[in-house]
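Listing of model35.cif; format and content: mmCIF, C-alpha atoms and all ligand atoms.
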```
data_entry
loop_
_atom_site.label_atom_id
_atom_site.label_comp_id
_atom_site.auth_asym_id
_atom_site.auth_seq_id
_atom_site.Cartn_x
_atom_site.Cartn_y
_atom_site.Cartn_z
CA GLU A 1 121.11 85.94 133.18
CA ILE A 2 123.59 83.31 134.35
CA SER A 3 127.12 83.83 133.05
CA LYS A 4 129.37 81.02 131.84
CA LYS A 5 131.61 81.70 134.81
CA ASP A 6 128.70 81.22 137.22
CA LEU A 7 127.69 78.00 135.49
CA LYS A 8 131.21 76.72 135.87
CA LYS A 9 131.22 77.70 139.54
CA ASN A 10 127.89 75.92 140.13
CA SER A 11 129.07 72.74 138.44
CA LYS A 12 132.15 72.78 140.67
CA ILE A 13 129.93 72.91 143.76
CA ASP A 14 127.84 70.02 142.38
CA SER A 15 130.97 67.97 141.69
CA LEU A 16 132.30 68.62 145.19
CA ASN A 17 128.98 67.60 146.73
CA ASN A 18 128.97 64.43 144.62
CA LEU A 19 132.50 63.63 145.73
CA LYS A 20 131.48 64.12 149.34
CA SER A 21 128.59 61.68 148.80
CA GLU A 22 131.01 59.20 147.24
CA LEU A 23 132.84 59.15 150.56
CA LYS A 24 129.73 57.61 152.13
CA ASN A 25 130.33 54.48 150.06
CA ILE A 26 134.06 54.27 150.67
CA ASP A 27 135.03 51.30 152.79
CA CYS A 28 137.57 52.80 155.18
CA ASN A 29 137.98 51.33 158.67
CA LEU A 30 138.66 54.79 160.16
CA LYS A 31 135.09 55.84 159.45
CA GLU A 32 133.64 53.65 162.20
CA ILE A 33 135.55 55.36 164.98
CA ALA A 34 135.67 58.93 163.68
CA THR A 35 133.24 61.59 164.94
CA ASN A 36 133.05 63.51 161.69
CA LEU A 37 134.10 63.40 158.09
CA VAL A 38 136.76 66.06 157.52
CA PHE A 39 136.48 67.09 153.89
CA SER A 40 137.82 70.57 153.17
CA ASP A 41 137.89 74.24 154.01
CA GLY A 42 138.70 77.48 152.24
CA ASN A 43 137.86 78.84 148.82
CA HIS A 44 137.03 76.16 146.23
CA ASN A 45 137.50 78.71 143.45
CA SER A 46 141.11 79.32 144.43
CA ASN A 47 144.00 78.41 142.16
CA ILE A 48 145.89 77.08 145.18
CA MET A 49 145.08 73.73 146.76
CA ILE A 50 146.80 72.56 149.92
CA ILE A 51 146.82 68.91 150.95
CA GLY A 52 147.79 67.66 154.42
CA GLU A 53 147.85 64.24 156.02
CA ALA A 54 144.89 63.33 158.23
CA PRO A 55 142.57 64.98 160.74
CA GLY A 56 143.56 65.11 164.41
CA ALA A 57 141.36 65.34 167.51
CA LYS A 58 140.24 68.96 166.99
CA GLU A 59 139.54 68.41 163.30
CA ASP A 60 137.54 65.29 164.09
CA ILE A 61 135.29 67.32 166.40
CA ALA A 62 135.03 70.38 164.13
CA GLY A 63 134.71 68.46 160.83
CA LYS A 64 137.24 70.91 159.34
CA PRO A 65 140.89 70.44 158.37
CA PHE A 66 143.77 72.10 160.22
CA VAL A 67 141.96 73.74 163.12
CA GLY A 68 144.18 72.40 165.97
CA ASP A 69 147.69 73.47 167.01
CA ALA A 70 149.32 72.27 163.79
CA GLY A 71 146.61 74.07 161.84
CA LYS A 72 147.24 77.30 163.71
CA LEU A 73 150.93 77.09 162.85
CA LEU A 74 150.10 76.29 159.23
CA ASP A 75 147.81 79.34 159.04
CA LYS A 76 150.64 81.45 160.43
CA MET A 77 153.13 80.05 157.91
CA LEU A 78 150.77 80.76 155.03
CA ALA A 79 149.82 84.21 156.36
CA TYR A 80 153.53 85.02 156.11
CA ILE A 81 153.09 84.87 152.31
CA ASN A 82 149.65 86.52 152.36
CA LEU A 83 147.63 83.34 152.01
CA SER A 84 144.47 82.78 154.01
CA ARG A 85 141.48 80.47 153.77
CA LYS A 86 139.85 83.13 151.62
CA ASN A 87 142.44 82.54 148.92
CA PHE A 88 143.34 78.87 149.19
CA TYR A 89 141.47 75.58 149.35
CA ILE A 90 142.59 72.95 151.85
CA SER A 91 142.01 69.24 152.37
CA ASN A 92 143.77 66.09 153.57
CA MET A 93 144.89 62.73 152.14
CA ILE A 94 142.72 60.97 154.73
CA PHE A 95 139.16 62.07 155.51
CA TRP A 96 138.70 60.52 158.97
CA ARG A 97 140.89 60.71 162.06
CA PRO A 98 143.29 57.80 162.61
CA PRO A 99 142.96 56.72 166.28
CA GLY A 100 145.50 58.39 168.55
CA ASN A 101 146.68 60.44 165.55
CA ARG A 102 148.81 57.57 164.29
CA THR A 103 150.21 57.78 160.78
CA PRO A 104 147.70 56.44 158.24
CA ASN A 105 148.64 53.00 156.94
CA GLU A 106 149.08 51.88 153.32
CA GLU A 107 145.56 50.51 153.10
CA GLU A 108 143.97 53.71 154.39
CA ILE A 109 146.09 55.77 152.03
CA SER A 110 145.25 53.68 148.97
CA THR A 111 141.54 53.68 149.87
CA CYS A 112 141.41 57.49 150.03
CA LEU A 113 143.84 58.24 147.19
CA PRO A 114 141.33 57.96 144.29
CA ILE A 115 139.10 60.47 146.09
CA THR A 116 141.95 62.94 146.46
CA LYS A 117 142.89 62.53 142.79
CA LYS A 118 139.32 63.30 141.81
CA HIS A 119 139.24 66.15 144.31
CA ILE A 120 142.27 67.72 142.60
CA SER A 121 140.66 67.24 139.17
CA ILE A 122 137.55 69.13 140.32
CA ILE A 123 139.42 72.05 141.90
CA LYS A 124 141.97 72.09 139.04
CA PRO A 125 144.38 74.36 140.91
CA LYS A 126 147.39 76.02 139.28
CA LEU A 127 149.51 75.21 142.30
CA LEU A 128 149.41 72.29 144.74
CA ILE A 129 151.12 72.54 148.10
CA PHE A 130 151.68 69.23 149.88
CA VAL A 131 152.04 69.51 153.63
CA GLY A 132 154.16 66.71 155.05
CA SER A 133 155.57 63.50 153.64
CA ILE A 134 152.38 61.45 153.29
CA ALA A 135 150.83 63.87 150.78
CA ALA A 136 154.14 64.61 149.06
CA LYS A 137 155.23 60.98 148.56
CA ASN A 138 151.88 59.63 147.46
CA LEU A 139 150.92 62.46 145.13
CA LEU A 140 154.37 62.83 143.59
CA ASN A 141 154.70 59.08 143.36
CA THR A 142 158.15 58.97 144.90
CA LYS A 143 159.85 57.04 147.67
CA ASP A 144 162.02 60.04 148.53
CA GLY A 145 161.54 61.53 151.97
CA ILE A 146 160.16 65.01 152.60
CA THR A 147 163.64 66.36 153.37
CA LYS A 148 164.60 65.59 149.79
CA ILE A 149 161.28 66.57 148.20
CA ARG A 150 160.94 70.02 149.81
CA GLY A 151 162.94 72.87 148.33
CA ASN A 152 162.46 71.58 144.79
CA ARG A 153 160.00 72.27 142.02
CA HIS A 154 157.70 69.41 141.07
CA PHE A 155 154.74 68.57 138.91
CA TYR A 156 151.71 66.62 140.02
CA LYS A 157 150.81 64.39 137.07
CA ASP A 158 147.62 62.45 136.59
CA ASP A 159 147.05 60.70 133.26
CA GLU A 160 143.50 59.66 134.13
CA TYR A 161 142.35 63.28 134.37
CA ASN A 162 145.03 64.57 132.01
CA LEU A 163 146.55 66.88 134.59
CA LYS A 164 149.99 68.40 135.00
CA ILE A 165 150.04 70.87 137.88
CA HIS A 166 152.91 72.76 139.53
CA ALA A 167 153.56 71.31 142.96
CA ARG A 168 155.60 72.12 146.06
CA ALA A 169 156.03 70.32 149.35
CA ILE A 170 156.74 71.72 152.79
CA PHE A 171 157.46 70.20 156.19
CA HIS A 172 154.36 69.43 158.20
CA PRO A 173 153.69 72.01 160.97
CA ALA A 174 153.38 69.17 163.52
CA TYR A 175 156.93 68.15 162.56
CA LEU A 176 158.07 71.77 162.87
CA MET A 177 156.63 71.97 166.37
CA ARG A 178 158.85 69.01 167.31
CA ASN A 179 161.82 70.21 165.23
CA PRO A 180 161.80 74.01 165.28
CA ILE A 181 165.29 74.01 163.79
CA GLU A 182 163.68 73.18 160.45
CA LYS A 183 161.59 76.37 160.50
CA LYS A 184 164.30 78.37 158.76
CA ARG A 185 164.30 76.06 155.73
CA THR A 186 160.51 76.11 155.70
CA TRP A 187 160.41 79.89 155.66
CA GLU A 188 162.78 79.80 152.67
CA ASP A 189 160.45 77.31 150.98
CA LEU A 190 157.51 79.61 151.64
CA LEU A 191 159.34 82.55 150.09
CA GLU A 192 160.02 80.50 146.96
CA ILE A 193 156.34 79.57 146.82
CA ASP A 194 155.36 83.24 147.20
CA GLU A 195 157.70 84.23 144.40
CA PHE A 196 156.15 81.57 142.18
CA ILE A 197 152.60 82.73 143.04
CA VAL A 198 153.38 86.38 142.36
CA SER A 199 155.41 85.91 139.18
CA ASN A 200 152.82 83.54 137.68
CA LYS A 201 149.85 85.63 138.86
CA ILE A 202 148.40 82.50 140.47
CA LEU A 203 146.02 84.45 142.70
CA ASP A 204 144.65 86.70 139.94
CA ASN A 205 141.50 86.15 137.90
CA GLU A 206 139.70 83.80 140.28
N1 LIG B 301 147.29 67.57 160.43
C1 LIG B 301 146.94 67.35 159.16
O1 LIG B 301 147.71 66.87 158.35
N2 LIG B 301 145.71 67.67 158.79
C2 LIG B 301 144.83 68.23 159.61
O2 LIG B 301 143.73 68.52 159.18
C3 LIG B 301 145.23 68.45 160.94
C4 LIG B 301 146.46 68.12 161.32
#
```
Please, can you express the file's structure as structure tokens?
Ligand code: URA
Amino acid sequence: EISKKDLKKNSKIDSLNNLKSELKNIDCNLKEIATNLVFSDGNHNSNIMIIGEAPGAKEDIAGKPFVGDAGKLLDKMLAYINLSRKNFYISNMIFWRPPGNRTPNEEEISTCLPITKKHISIIKPKLLIFVGSIAAKNLLNTKDGITKIRGNRHFYKDDEYNLKIHARAIFHPAYLMRNPIEKKRTWEDLLEIDEFIVSNKILDNE
């Protein structure tokens, strides 16, 4: 007999597959030059969803987010608070690699944004972690920079899907590789996130 929980899990997989198919019809210029679509990795039943910026060269080849040098550092940062791809779900704001790893432009961001909003509504996490300023600014709807956004508690709000989800932002690991001095603040941010996860039992009852 199929339990309600299993039904819910199956419908989540269906919704994610449908969303992935929707990407086929999205008119994004990056698609033409990219090798692969980079959709997501990790556990889609997790209560924690992590959102980065855009795939780089390694991700473009692998078709998986955060598998290059920045990804390795991100995995290390998250392992510090006992998070692994078994207990979080991870994606990006942009689903194809921008040439030369340039920052995605406004048009690319606004083309992909509705997909990410839907993505969040399907996963329905209890905690969102935005990695870097592109995800933080666009999903928190602020013009503030990441230096101001990080270190504070936020809510991700989406009226269309009727969502209000706890959110945090951290410096992007690629930025930390260039500015290691900011690692100390990031480790403090990670500890705050860990405290929040533990005290709110975010990782329980998956
Ligand atoms: N940087 C990102 O923001 N995302 C990736 O997937 C890889 C590098």
*May I have the residues within 12 Å of ligand LIG 301 (chain B), computed using all atoms listed in the file, as a PyMOL selection string?*
chain A and resi 37-41+50-75+90-98+101-104+130-136+170-177
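Remark: for Ile165 in chain A, the closest of the candidate residues A:Lys148, A:Arg185, A:Lys137, A:Lys126 is A:Lys126 (distances computed over all atoms listed in the file).
Using all atoms listed in the file, the smallest distance between any of A:Asn138, A:Ile81, A:Ile109, A:Lys76 and Asp27 in chain A comes from A:Ile109.
Across the model, the gap from CA of Ser84 in chain A to CA of Asn36 in chain A is 23.7 Å.
Residue nearest Phe88 in chain A, chosen from A:Ile115, A:Ile122, A:Leu128, A:Leu139 and counting all atoms listed in the file: A:Leu128.
Take the candidates A:Lys183, A:Gly151, A:Leu83, A:Val198 and check each one against Gly42 in chain A using only C-alpha atoms; the shortest distance goes to A:Leu83.
In this structure, CA of Ile2 in chain A sits 20.8 Å away from CA of Ile123 in chain A.
Distance-wise, CA of Phe155 in chain A and CA of Arg168 in chain A end up 8.0 Å apart.
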For this session: List the residues sitting within 12 Å of (160.5, 74.7, 143.9) in the file's frame, using all atoms listed in the file, as number ranges by chain.
Result: A: 127-130, 148-155, 166-170, 186, 188-197
Query - Residue contacts of Asp204 in chain A (12 Å, only C-alpha atoms) excluding same-chain residues fewer than 2 positions away, as a PyMOL selection string - result: chain A and resi 45-48+87+126+197-202+206
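Of the listed residues (A:Ile181, A:Cys28, A:Glu1, A:His44), A:Cys28 comes nearest to Ser110 in chain A; the distances count only C-alpha atoms.
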May I have the centre and edge lengths, in Å to one decimal, of an axis-aligned box around the listed atoms of range 101-115 of chain A with 5 Å added to every side, as lines of an AutoDock Vina configuration file?
```
center_x = 144.7
center_y = 55.5
center_z = 154.9
size_x = 21.1
size_y = 20.0
size_z = 31.3
```
- Mind listing whatever residues come within 12 Å of the point (141.8, 60.3, 134.1)? Use only C-alpha atoms, file coordinates, and give them as a PyMOL selection string. chain A and resi 114+117-118+120-122+157-164
Closest of A:Leu140, A:Leu78, A:Met49, A:Ile33 to Tyr156 in chain A, counting all atoms listed in the file, is A:Leu140
